[in-house]
$ cat target-v2.cif   # mmCIF, C-alpha atoms and all ligand atoms
data_structure
loop_
_atom_site.label_atom_id
_atom_site.label_comp_id
_atom_site.auth_asym_id
_atom_site.auth_seq_id
_atom_site.Cartn_x
_atom_site.Cartn_y
_atom_site.Cartn_z
CA MET A 1 -9.14 -34.25 31.45
CA LYS A 2 -6.79 -31.61 30.10
CA ASP A 3 -8.27 -29.51 27.32
CA MET A 4 -5.99 -30.00 24.29
CA ALA A 5 -7.59 -27.31 22.10
CA PRO A 6 -4.97 -24.66 21.24
CA SER A 7 -5.64 -21.43 23.08
CA PRO A 8 -6.51 -18.45 20.89
CA ILE A 9 -3.86 -15.78 20.51
CA LEU A 10 -6.37 -13.39 18.93
CA THR A 11 -10.15 -13.28 19.07
CA LEU A 12 -12.19 -10.80 17.06
CA THR A 13 -15.76 -10.36 18.25
CA ASP A 14 -18.25 -8.43 16.11
CA LEU A 15 -15.56 -6.21 14.61
CA THR A 16 -17.46 -3.48 12.78
CA VAL A 17 -15.95 -0.61 10.81
CA ASP A 18 -17.93 2.33 9.45
CA ARG A 19 -16.69 5.07 7.17
CA GLY A 20 -19.45 7.66 7.11
CA ALA A 21 -22.59 5.87 5.93
CA ALA A 22 -20.61 2.97 4.53
CA ARG A 23 -20.31 -0.14 6.73
CA ILE A 24 -16.99 -1.59 5.56
CA LEU A 25 -16.89 -4.49 8.05
CA ASP A 26 -20.01 -5.94 9.59
CA ARG A 27 -19.74 -7.94 12.83
CA VAL A 28 -16.68 -9.97 11.86
CA SER A 29 -15.84 -12.61 14.47
CA LEU A 30 -12.91 -14.97 14.21
CA SER A 31 -10.34 -16.68 16.35
CA LEU A 32 -6.71 -17.48 15.68
CA ALA A 33 -4.99 -20.26 17.59
CA GLU A 34 -1.42 -19.95 18.83
CA GLY A 35 1.05 -20.89 16.07
CA GLU A 36 -1.72 -20.99 13.47
CA THR A 37 -1.71 -19.37 10.02
CA LEU A 38 -5.03 -18.02 8.83
CA ALA A 39 -5.81 -16.68 5.35
CA LEU A 40 -8.38 -13.97 4.71
CA VAL A 41 -9.67 -14.38 1.15
CA GLY A 42 -12.28 -12.60 -0.92
CA GLU A 43 -12.35 -10.24 -3.85
CA SER A 44 -11.18 -6.64 -3.82
CA GLY A 45 -13.13 -4.42 -1.41
CA ALA A 46 -14.29 -7.33 0.81
CA GLY A 47 -12.59 -5.73 3.83
CA LYS A 48 -9.53 -7.98 4.23
CA SER A 49 -6.99 -5.16 4.64
CA THR A 50 -9.41 -3.31 6.90
CA ILE A 51 -9.37 -6.26 9.33
CA ALA A 52 -5.56 -6.31 9.45
CA THR A 53 -5.29 -2.55 9.80
CA ALA A 54 -7.97 -2.43 12.51
CA ILE A 55 -6.05 -5.02 14.56
CA MET A 56 -2.91 -2.86 14.31
CA ARG A 57 -5.06 0.19 15.17
CA LEU A 58 -3.80 1.95 12.06
CA LEU A 59 -7.18 2.83 10.51
CA ASP A 60 -7.70 6.56 9.99
CA GLY A 61 -11.03 8.29 9.85
CA ALA A 62 -13.11 5.19 10.58
CA LYS A 63 -15.45 4.31 13.42
CA VAL A 64 -14.46 0.95 14.88
CA ALA A 65 -16.62 -1.17 17.20
CA GLY A 66 -16.44 -4.68 18.64
CA LYS A 67 -13.46 -6.36 20.27
CA ALA A 68 -10.00 -7.51 19.16
CA GLU A 69 -8.53 -9.41 22.11
CA LEU A 70 -4.86 -10.32 22.03
CA ASP A 71 -3.85 -12.95 24.56
CA GLY A 72 -2.30 -11.25 27.58
CA ALA A 73 -2.91 -7.71 26.29
CA GLY A 74 -6.70 -7.38 26.47
CA ASP A 75 -8.88 -5.63 23.91
CA LEU A 76 -6.61 -3.85 21.43
CA LEU A 77 -9.45 -1.52 20.47
CA ALA A 78 -9.63 -0.25 24.05
CA LEU A 79 -5.88 0.37 24.57
CA SER A 80 -4.29 3.81 24.55
CA GLU A 81 -2.03 4.76 21.63
CA LYS A 82 0.91 4.61 24.05
CA GLN A 83 0.07 0.99 24.91
CA MET A 84 -0.30 0.17 21.21
CA VAL A 85 3.12 1.66 20.42
CA ARG A 86 4.59 -0.81 22.91
CA LEU A 87 2.83 -3.75 21.27
CA ARG A 88 3.56 -2.89 17.62
CA GLY A 89 6.75 -4.56 16.49
CA ARG A 90 7.11 -6.54 19.70
CA ARG A 91 3.89 -8.54 19.85
CA LEU A 92 2.18 -7.50 16.62
CA SER A 93 3.85 -6.83 13.29
CA MET A 94 2.54 -6.03 9.85
CA ILE A 95 3.98 -6.53 6.37
CA PHE A 96 2.35 -4.20 3.84
CA GLN A 97 1.46 -4.70 0.17
CA ASP A 98 4.19 -2.46 -1.17
CA ALA A 99 7.55 -2.78 0.56
CA GLY A 100 8.96 0.05 -1.57
CA ALA A 101 6.45 2.44 -0.04
CA ALA A 102 6.78 1.06 3.51
CA LEU A 103 10.58 1.47 3.69
CA ASN A 104 12.03 4.92 4.31
CA PRO A 105 13.93 5.93 1.11
CA ALA A 106 16.27 8.26 3.03
CA TYR A 107 17.94 5.58 5.19
CA THR A 108 19.83 2.40 4.37
CA VAL A 109 17.87 -0.78 5.00
CA GLY A 110 20.48 -1.79 7.58
CA ARG A 111 19.92 1.38 9.55
CA GLN A 112 16.14 0.82 9.49
CA LEU A 113 16.50 -2.73 10.79
CA VAL A 114 19.17 -1.80 13.38
CA THR A 115 16.95 1.03 14.67
CA VAL A 116 14.05 -1.40 15.21
CA LEU A 117 16.33 -3.83 17.04
CA ARG A 118 17.91 -1.21 19.24
CA ARG A 119 14.69 0.58 20.08
CA ASN A 120 12.63 -2.52 20.88
CA LEU A 121 15.20 -4.94 22.22
CA GLY A 122 17.66 -2.49 23.75
CA LEU A 123 20.63 -4.03 21.89
CA SER A 124 23.95 -2.23 21.52
CA LYS A 125 24.99 -1.05 18.04
CA THR A 126 27.32 -4.03 17.56
CA GLU A 127 24.78 -6.56 18.84
CA ALA A 128 22.03 -5.08 16.66
CA ARG A 129 24.26 -5.20 13.58
CA ALA A 130 25.16 -8.85 14.21
CA ARG A 131 21.47 -9.67 14.71
CA ALA A 132 20.60 -7.77 11.51
CA VAL A 133 23.07 -9.92 9.54
CA GLU A 134 21.48 -13.07 11.02
CA LEU A 135 18.00 -11.84 10.12
CA PHE A 136 19.00 -10.94 6.55
CA THR A 137 20.54 -14.41 6.20
CA SER A 138 17.37 -16.09 7.51
CA VAL A 139 15.19 -14.30 4.94
CA GLY A 140 17.47 -15.33 2.07
CA ILE A 141 19.34 -12.07 1.39
CA ASN A 142 22.71 -12.81 -0.25
CA ASP A 143 25.72 -10.87 0.97
CA PRO A 144 23.78 -9.77 4.06
CA GLU A 145 26.59 -7.56 5.39
CA GLY A 146 26.93 -5.71 2.10
CA ARG A 147 23.16 -5.31 1.75
CA LEU A 148 22.89 -3.57 5.11
CA SER A 149 24.33 -0.44 3.53
CA ALA A 150 21.97 -0.45 0.54
CA TYR A 151 19.21 2.13 0.16
CA PRO A 152 15.75 0.73 -0.64
CA HIS A 153 15.86 1.94 -4.28
CA GLN A 154 19.03 -0.08 -4.84
CA LEU A 155 17.15 -3.34 -4.13
CA SER A 156 14.66 -5.24 -6.30
CA GLY A 157 11.00 -5.46 -5.19
CA GLY A 158 11.55 -9.02 -3.97
CA MET A 159 14.62 -7.99 -1.94
CA GLN A 160 12.74 -5.03 -0.47
CA GLN A 161 9.97 -7.37 0.66
CA ARG A 162 12.58 -9.71 2.21
CA VAL A 163 13.90 -6.71 4.15
CA MET A 164 10.34 -5.96 5.32
CA VAL A 165 9.95 -9.58 6.46
CA ALA A 166 13.23 -9.27 8.43
CA ILE A 167 12.04 -6.01 10.03
CA ALA A 168 8.60 -7.48 10.85
CA LEU A 169 10.15 -10.55 12.47
CA ALA A 170 13.04 -8.72 14.15
CA CYS A 171 11.47 -8.71 17.61
CA ASN A 172 9.84 -12.15 17.41
CA PRO A 173 6.23 -10.95 17.41
CA ASP A 174 3.47 -13.36 18.48
CA LEU A 175 1.26 -12.30 15.60
CA LEU A 176 2.26 -11.28 12.10
CA LEU A 177 -0.24 -9.62 9.78
CA ALA A 178 0.75 -9.93 6.12
CA ASP A 179 -1.42 -7.78 3.86
CA GLU A 180 -1.05 -9.16 0.34
CA PRO A 181 2.71 -8.88 0.69
CA THR A 182 3.33 -10.12 -2.83
CA SER A 183 0.82 -8.09 -4.83
CA ALA A 184 3.52 -5.63 -5.99
CA LEU A 185 5.91 -8.43 -7.00
CA ASP A 186 6.59 -10.45 -10.10
CA VAL A 187 4.49 -13.60 -10.31
CA THR A 188 7.65 -15.72 -10.33
CA ILE A 189 8.71 -14.60 -6.85
CA GLN A 190 5.27 -14.28 -5.22
CA ALA A 191 5.11 -17.90 -4.03
CA GLN A 192 8.74 -17.71 -2.77
CA ILE A 193 7.92 -14.75 -0.54
CA VAL A 194 4.69 -16.33 0.76
CA ARG A 195 6.63 -19.52 1.61
CA LEU A 196 9.39 -17.49 3.23
CA ILE A 197 6.94 -15.59 5.47
CA LEU A 198 5.16 -18.76 6.51
CA SER A 199 8.32 -20.77 7.14
CA GLN A 200 9.83 -17.95 9.19
CA THR A 201 6.67 -17.39 11.26
CA ARG A 202 6.29 -21.14 11.85
CA ALA A 203 9.96 -21.48 12.81
CA ARG A 204 9.36 -18.85 15.50
CA GLY A 205 6.08 -20.42 16.68
CA ALA A 206 4.27 -17.19 15.79
CA SER A 207 0.73 -16.92 14.41
CA CYS A 208 0.01 -15.26 11.10
CA ILE A 209 -2.96 -13.66 9.39
CA PHE A 210 -2.36 -13.61 5.68
CA VAL A 211 -4.45 -11.46 3.35
CA LEU A 212 -4.47 -13.33 0.06
CA HIS A 213 -6.35 -13.17 -3.21
CA ASP A 214 -5.54 -16.71 -4.18
CA LEU A 215 -7.75 -19.42 -2.68
CA ALA A 216 -5.55 -22.24 -4.00
CA LEU A 217 -2.40 -20.75 -2.50
CA ALA A 218 -4.26 -20.00 0.75
CA SER A 219 -5.38 -23.61 1.06
CA GLN A 220 -1.89 -24.96 0.41
CA ALA A 221 -0.08 -22.52 2.64
CA CYS A 222 -2.40 -21.78 5.57
CA ASP A 223 -4.08 -23.84 8.31
CA ARG A 224 -7.41 -22.06 8.20
CA ILE A 225 -9.31 -19.86 5.77
CA VAL A 226 -11.87 -17.13 6.35
CA VAL A 227 -13.85 -16.14 3.25
CA LEU A 228 -15.19 -12.59 3.27
CA TYR A 229 -17.89 -11.09 1.10
CA ALA A 230 -18.90 -7.43 1.26
CA GLY A 231 -17.53 -6.96 4.77
CA GLN A 232 -18.99 -10.14 6.27
CA VAL A 233 -17.61 -13.60 6.98
CA VAL A 234 -19.50 -16.01 4.72
CA GLU A 235 -17.50 -19.17 5.44
CA ALA A 236 -14.57 -20.12 7.67
CA GLY A 237 -12.83 -23.31 8.66
CA PRO A 238 -9.80 -25.57 8.25
CA ALA A 239 -8.16 -24.98 4.84
CA ARG A 240 -8.93 -28.48 3.56
CA ASP A 241 -12.64 -28.17 4.45
CA ILE A 242 -12.88 -24.84 2.70
CA LEU A 243 -11.26 -26.17 -0.45
CA GLU A 244 -12.89 -29.60 -0.60
CA ASN A 245 -16.13 -29.41 1.42
CA HIS A 246 -17.13 -25.75 1.19
CA ARG A 247 -20.82 -25.06 1.60
CA HIS A 248 -21.16 -21.41 0.56
CA PRO A 249 -21.88 -20.73 -3.14
CA TYR A 250 -19.47 -17.76 -3.05
CA THR A 251 -16.59 -20.01 -1.93
CA GLN A 252 -17.55 -22.35 -4.79
CA GLN A 253 -17.40 -19.43 -7.23
CA LEU A 254 -14.00 -18.32 -5.96
CA LYS A 255 -12.74 -21.86 -6.38
CA SER A 256 -14.17 -22.44 -9.86
CA CYS A 257 -12.91 -19.08 -11.12
CA VAL A 258 -9.37 -20.10 -10.25
CA LEU A 259 -9.78 -23.56 -11.73
CA GLU A 260 -11.45 -22.40 -14.93
CA ILE A 261 -8.92 -19.75 -15.69
CA GLY A 262 -6.11 -22.08 -14.70
CA THR A 263 -3.96 -19.34 -13.23
CA ARG A 264 -2.92 -18.79 -9.66
CA GLU A 265 -4.66 -15.46 -9.54
CA LEU A 266 -8.09 -15.03 -8.04
CA HIS A 267 -10.54 -13.60 -10.56
CA ALA A 268 -13.80 -12.12 -9.39
CA PRO A 269 -17.00 -14.03 -10.10
CA GLU A 270 -19.52 -12.41 -12.48
CA GLY A 271 -21.53 -9.42 -11.25
CA THR A 272 -20.70 -6.76 -8.69
CA VAL A 273 -20.78 -6.38 -4.93
CA PRO A 274 -23.62 -4.09 -3.71
CA PRO A 275 -22.41 -0.61 -2.62
CA HIS A 276 -21.50 -0.37 1.08
CA ASP A 277 -24.14 2.25 1.83
CA ARG A 278 -26.91 0.25 0.10
CA MET A 279 -26.43 -3.29 1.31
CA PRO A 280 -29.50 -5.53 0.98
CA LYS A 281 -31.08 -6.66 4.24
CA GLY A 282 -30.91 -10.34 3.25
CA CYS A 283 -27.84 -12.24 2.08
CA ARG A 284 -25.39 -9.80 0.47
CA PHE A 285 -24.42 -12.36 -2.12
CA ALA A 286 -28.01 -13.14 -3.20
CA THR A 287 -27.90 -10.87 -6.30
CA ARG A 288 -25.01 -12.91 -7.73
CA CYS A 289 -25.92 -16.30 -6.34
CA PRO A 290 -27.01 -19.14 -8.63
CA ARG A 291 -28.68 -20.91 -5.68
CA ALA A 292 -30.63 -17.94 -4.27
CA LEU A 293 -34.10 -18.66 -2.88
CA PRO A 294 -36.82 -16.06 -2.15
CA ARG A 295 -35.83 -16.27 1.55
CA CYS A 296 -32.26 -15.15 0.74
CA THR A 297 -33.24 -11.63 -0.30
CA GLY A 298 -35.39 -11.04 2.79
CA GLU A 299 -33.45 -12.55 5.67
CA ALA A 300 -29.70 -12.59 6.36
CA PRO A 301 -28.44 -16.14 7.00
CA PRO A 302 -26.60 -16.64 10.30
CA LEU A 303 -23.25 -18.43 10.56
CA THR A 304 -24.02 -22.12 11.09
CA PRO A 305 -21.67 -24.99 11.98
CA ALA A 306 -21.02 -27.27 8.99
CA ARG A 307 -21.31 -30.37 11.18
CA ASP A 308 -23.81 -31.02 13.97
CA GLY A 309 -22.35 -30.43 17.40
CA ASP A 310 -19.24 -28.79 15.95
CA GLY A 311 -19.65 -25.32 17.33
CA GLY A 312 -16.20 -23.99 18.36
CA PRO A 313 -14.88 -20.78 16.83
CA LEU A 314 -12.15 -22.74 15.00
CA ALA A 315 -14.61 -25.19 13.37
CA HIS A 316 -15.99 -25.05 9.82
CA HIS A 317 -19.02 -22.77 9.58
CA PHE A 318 -20.89 -20.90 6.83
CA ALA A 319 -23.74 -18.40 6.33
CA CYS A 320 -26.18 -19.60 3.67
CA TRP A 321 -29.86 -20.64 3.47
CA ASN A 322 -29.29 -22.97 0.52
CA PRO A 323 -25.75 -24.36 0.89
CA GLU A 324 -23.90 -26.58 -1.59
N1 LIG B 401 -9.05 5.11 3.63
C1 LIG B 401 -10.23 4.75 3.11
N2 LIG B 401 -11.21 5.65 2.88
C2 LIG B 401 -12.39 5.29 2.39
N3 LIG B 401 -12.74 4.03 2.07
C3 LIG B 401 -11.83 3.09 2.26
C4 LIG B 401 -10.52 3.37 2.80
N4 LIG B 401 -9.84 2.21 2.89
C5 LIG B 401 -10.67 1.24 2.42
N5 LIG B 401 -11.87 1.78 2.06
C6 LIG B 401 -13.00 1.03 1.51
O1 LIG B 401 -13.26 -0.05 2.37
C7 LIG B 401 -13.63 -1.20 1.61
C8 LIG B 401 -12.78 -2.37 2.05
O2 LIG B 401 -11.43 -2.11 1.68
P1 LIG B 401 -10.25 -3.12 1.97
O3 LIG B 401 -9.00 -2.48 1.44
O4 LIG B 401 -10.29 -3.54 3.38
O5 LIG B 401 -10.66 -4.36 1.05
P2 LIG B 401 -9.77 -5.59 0.61
O6 LIG B 401 -10.65 -6.78 0.72
O7 LIG B 401 -8.50 -5.62 1.36
O8 LIG B 401 -9.52 -5.25 -0.91
P3 LIG B 401 -8.14 -5.24 -1.75
O9 LIG B 401 -7.89 -6.67 -2.03
O10 LIG B 401 -8.52 -4.46 -2.97
O11 LIG B 401 -7.11 -4.57 -0.91
C9 LIG B 401 -13.48 -0.84 0.15
O12 LIG B 401 -14.75 -0.55 -0.37
C10 LIG B 401 -12.65 0.40 0.17
O13 LIG B 401 -12.99 1.24 -0.90
#
$ encode --input "target-v2.cif" --output "structure tokens"
Amino acid sequence: MKDMAPSPILTLTDLTVDRGAARILDRVSLSLAEGETLALVGESGAGKSTIATAIMRLLDGAKVAGKAELDGAGDLLALSEKQMVRLRGRRLSMIFQDAGAALNPAYTVGRQLVTVLRRNLGLSKTEARARAVELFTSVGINDPEGRLSAYPHQLSGGMQQRVMVAIALACNPDLLLADEPTSALDVTIQAQIVRLILSQTRARGASCIFVLHDLALASQACDRIVVLYAGQVVEAGPARDILENHRHPYTQQLKSCVLEIGTRELHAPEGTVPPHDRMPKGCRFATRCPRALPRCTGEAPPLTPARDGDGGPLAHHFACWNPE
């Protein structure tokens, strides 16, 4: 019988990142199916951006171990910089938190987009300009022809991020990494930009890893959620399972914080994350966990499937000795 499971476009195996004595990411494994959107959630410092940046091979001054296999390209962590240059933009693209800082202030946004199109797709000047107008239209930029000659500072934050989305999607990448692309924007336009990124990636059949703070938004917008705590995956699975049938007490805390405060912003649960260079040997969440048992401080819980016999990398799993 033909296997109908979607094939993974990206598989991370034991991705580990050290900065000096601090272990920022600890054996993170996850898989992303073709055409799937996956949200990385967790409070500040959990390592979400580090995962995205490690996949792009844009981490400076860190020691990276493990594997990041992109379908058809092999282990990204083992490729040369020259090979990575060929993949960035074409197969992998990233949208950063602050579009204002990511765009070059000295060039018009049209020139920046046209350059990407010409360099990666080998289009002529006229073809690239026509394609740039189409892309600006698809990301909801009014007067796309006129806006091509604007400098970044002449555009609002929301417009700048739309330009970044157009640049990131210009070469139809297979995988888009969006690192909290709305954190520098007004609350009123945050959801619009998230929806725009997801609709545009889905329309192109691309996969997307979305770094988000907001568990509610992640569960509405994405297919799967990975919850990170202090550099480790504590729970992962289909978005609905994570929202409605989560097993890890940290996921519960993330969810109740949002619900209690009644905003769309993720507020950190009480207490603080242990420092990276002094992580406990047991469960890292034990010091803040209302369900902690003596075992939790002595022994780290392994990731366990939430349902018997449900062991695939895309299934719901969690790491806890005393789950909800
Ligand atoms: N360039 C750097 N030098 C030193 N430490 C860093 C650097 N970048 C990140 N870190 C540390 O790595 C840890 C993980 O950071 P990361 O930005 O990946 O977390 P995050 O979950 O994305 O948080 P946020 O939501 O605040 O962006 C943090 O403790 C951070 O201080």
$ residues_near_ligand --input "target-v2.cif" --ligand "ligand LIG 401 (chain B)" --cutoff "7 Å" --atoms "only C-alpha atoms and all ligand atoms" --output "NGL selection string"
:A and (19 or 24 or 42-51 or 60 or 213 or 276)
$ residues_around --input "target-v2.cif" --residues "A:Ala191" --least-positions-apart "5" --cutoff "9 Å" --atoms "all atoms listed in the file" --output "PDB file with C-alpha atoms, in the coordinates of the input"
ATOM      1  CA  THR A 182       3.330 -10.120  -2.830  1.00  0.00           C
ATOM      2  CA  LEU A 196       9.390 -17.490   3.230  1.00  0.00           C
ATOM      3  CA  LEU A 217      -2.400 -20.750  -2.500  1.00  0.00           C
TER       4      LEU A 217
END
$ residues_around --input "target-v2.cif" --residues "A:Ala128" --least-positions-apart "5" --cutoff "7 Å" --atoms "all atoms listed in the file" --output "ChimeraX atom specification"
/A:114,117-118,123
$ atom_distance --input "target-v2.cif" --atom1 "atom CA of A:Asp14" --atom2 "atom CA of A:Ala65"
7.5 Å
$ residues_around --input "target-v2.cif" --residues "A:Leu185" --least-positions-apart "4" --cutoff "7 Å" --atoms "only C-alpha atoms" --output "PyMOL selection string"
chain A and resi 157-158+189-190
$ closest_residue --input "target-v2.cif" --among "A:Lys63, A:Ile167, A:Ile225, A:Asn172" --to "A:Thr251" --atoms "all atoms listed in the file"
A:Ile225
$ residues_near_point --input "target-v2.cif" --point "(-6.4, -19.9, 9.5)" --cutoff "7 Å" --atoms "all atoms listed in the file" --output "PyMOL selection string"
chain A and resi 32+36-39+222-226+238
$ atom_distance --input "target-v2.cif" --atom1 "atom CA of A:Val28" --atom2 "atom CA of A:Ala300"
14.4 Å
$ closest_residue --input "target-v2.cif" --among "A:Arg147, A:Val85, A:Arg27, A:Asp308" --to "A:Ala230" --atoms "all atoms listed in the file"
A:Arg27
$ atom_distance --input "target-v2.cif" --atom1 "atom CA of A:Ala239" --atom2 "atom CA of A:Ser7"
18.8 Å
$ residues_around --input "target-v2.cif" --residues "A:Gly72" --least-positions-apart "5" --cutoff "12 Å" --atoms "only C-alpha atoms" --output "PyMOL selection string"
chain A and resi 7-11+87+91+174
$ residues_around --input "target-v2.cif" --residues "A:Leu243" --least-positions-apart "2" --cutoff "10 Å" --atoms "all atoms listed in the file" --output "list in words"
Leu215, Ala216, Ala218, Ser219, Gln220, Ile225, Gly237, Pro238, Ala239, Arg240, Asp241, Asn245, His246, Arg247, Thr251, Gln252, Leu254 and Lys255 of chain A
